[in-house]
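Undergrad: Please read through the structure below; I'll follow up with questions.
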Amino acid sequence: MQQRRVPRSVFEEILDKVKRGEPEAGLTLCTAALADYPDDINLLGLLGMAQGDLGQFEQAEATLRQVIELAPGFAKPYEDLGTLLVRQRKAEEAIPLLQKAVRLDPKLDAAHFHLGRALAAVGQ
């Protein structure tokens, strides 16, 4: 059975809010959209990003781990969770996640950058 996905226009509106530094608006829009599309991994990923931007680190980590569980071959949630952990100064936890993101999608420039930051933080 194929899962229903949020319309692209809704996803892009939420992404725009998160990227423009409006995580409260992104969180509100994500929560509303998830009522209709509860298993949309892209929405869940944006929710995790917005939660992290709002300092809701435990919720963000749980949300991003849920995305990884739902889509283990999708590189972006590994990157997002690794980045979140780097921001919290948890470099050792971030490294394997960022390494996985880079293996899954070598074109993720931010994953390479944050992996470098994490490795430097642990003296590698």
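Starting from 1 in every chain, residues are counted up; chains themselves are A, B, ... following the order of the structure tokens, and ligands are numbered from 1 as listed.
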List the spatial neighbours of segment 26-32 of chain A as a PyMOL selection string - criterion: any atom at most 10 Å away, only C-alpha atoms, same-chain residues fewer than 6 positions off excluded.

TA: chain A and resi 10-11+13-20+38+42-51+53-54

Undergrad: Residues of segment 28-98 of chain A classed as alpha helix (DSSP H) by DSSP on the backbone are to be reported as JSON, numbers by chain.

TA: {"A": [28, 29, 30, 31, 32, 33, 34, 35, 36, 41, 42, 43, 44, 45, 46, 47, 48, 49, 50, 51, 52, 53, 57, 58, 59, 60, 61, 62, 63, 64, 65, 66, 67, 68, 69, 70, 75, 76, 77, 78, 79, 80, 81, 82, 83, 84, 85, 86, 87, 91, 92, 93, 94, 95, 96, 97, 98]}

Undergrad: Identify which of the residues A:Leu104, A:Leu85, A:Ala71, A:Ala35 lies closest to Gly52 of chain A, counting only C-alpha atoms when measuring atom-to-atom distances.

TA: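 Closest to Gly52 of chain A of all the choices is A:Leu85.
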
Undergrad: Could you build a table of the residues in segment 12-82 of chain A lying no more than 8 Å from segment 95-98 of chain A, giving for each the nearest pair of atoms and their separation in Å rounded to one decimal place, using only C-alpha atoms, ordered by chain and ascending residue number, as JSON lines?

TA:
```
{"residue": "A:Tyr78", "atom": "CA", "partner": "A:Leu97", "partner_atom": "CA", "distance": 5.2}
{"residue": "A:Glu79", "atom": "CA", "partner": "A:Leu98", "partner_atom": "CA", "distance": 5.4}
{"residue": "A:Leu81", "atom": "CA", "partner": "A:Leu97", "partner_atom": "CA", "distance": 7.2}
{"residue": "A:Gly82", "atom": "CA", "partner": "A:Leu97", "partner_atom": "CA", "distance": 5.3}
```

Undergrad: Excluding Leu119 of chain A and its own-chain neighbours fewer than 6 positions away, which residues fall within 12 Å of it when counting only C-alpha atoms? Please give them as a PDB file with C-alpha atoms, in the first residue's frame.

TA:
```
ATOM      1  CA  GLY A  82      23.969  14.302  13.072  1.00  0.00           C
ATOM      2  CA  VAL A  86      26.932  18.456  16.620  1.00  0.00           C
ATOM      3  CA  ARG A  89      28.307  19.206  21.326  1.00  0.00           C
ATOM      4  CA  LYS A  90      27.674  15.464  21.023  1.00  0.00           C
ATOM      5  CA  ALA A  91      30.242  14.899  18.291  1.00  0.00           C
ATOM      6  CA  GLU A  92      30.926  11.249  19.106  1.00  0.00           C
ATOM      7  CA  GLU A  93      27.242  10.399  18.659  1.00  0.00           C
ATOM      8  CA  ALA A  94      27.027  12.503  15.491  1.00  0.00           C
ATOM      9  CA  ILE A  95      29.948  10.944  13.622  1.00  0.00           C
ATOM     10  CA  PRO A  96      28.377   7.575  12.671  1.00  0.00           C
ATOM     11  CA  LEU A  98      26.967  11.786   9.405  1.00  0.00           C
ATOM     12  CA  GLN A  99      29.177   9.039   7.970  1.00  0.00           C
ATOM     13  CA  ALA A 111      26.816  16.363   5.876  1.00  0.00           C
ATOM     14  CA  HIS A 112      30.474  16.522   4.818  1.00  0.00           C
ATOM     15  CA  PHE A 113      30.888  19.873   6.561  1.00  0.00           C
TER      16      PHE A 113
END
```

Undergrad: Which one is closest to Arg87 of chain A: A:Glu69, A:Glu12, A:Glu61, A:Asp105? Count only C-alpha atoms.

TA: A:Glu61

Undergrad: Could you jot down the atom CA of Lys76 of chain A to atom CA of Leu108 of chain A separation for me, Å, one decimal place?

TA: 8.1 Å

Undergrad: Interatomic distance between atom CA of Leu115 of chain A and atom CA of Glu58 of chain A?

TA: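 Going from atom CA of Leu115 of chain A over to atom CA of Glu58 of chain A, I get 20.9 Å.
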
Undergrad: Using only C-alpha atoms for the distances, tell me which of A:Lys107, A:Asp39, A:Leu84, A:Pro72 is nearest to Ala60 of chain A.

TA: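 Of A:Lys107, A:Asp39, A:Leu84, A:Pro72, the one nearest Ala60 of chain A is A:Leu84, counting only C-alpha atoms.
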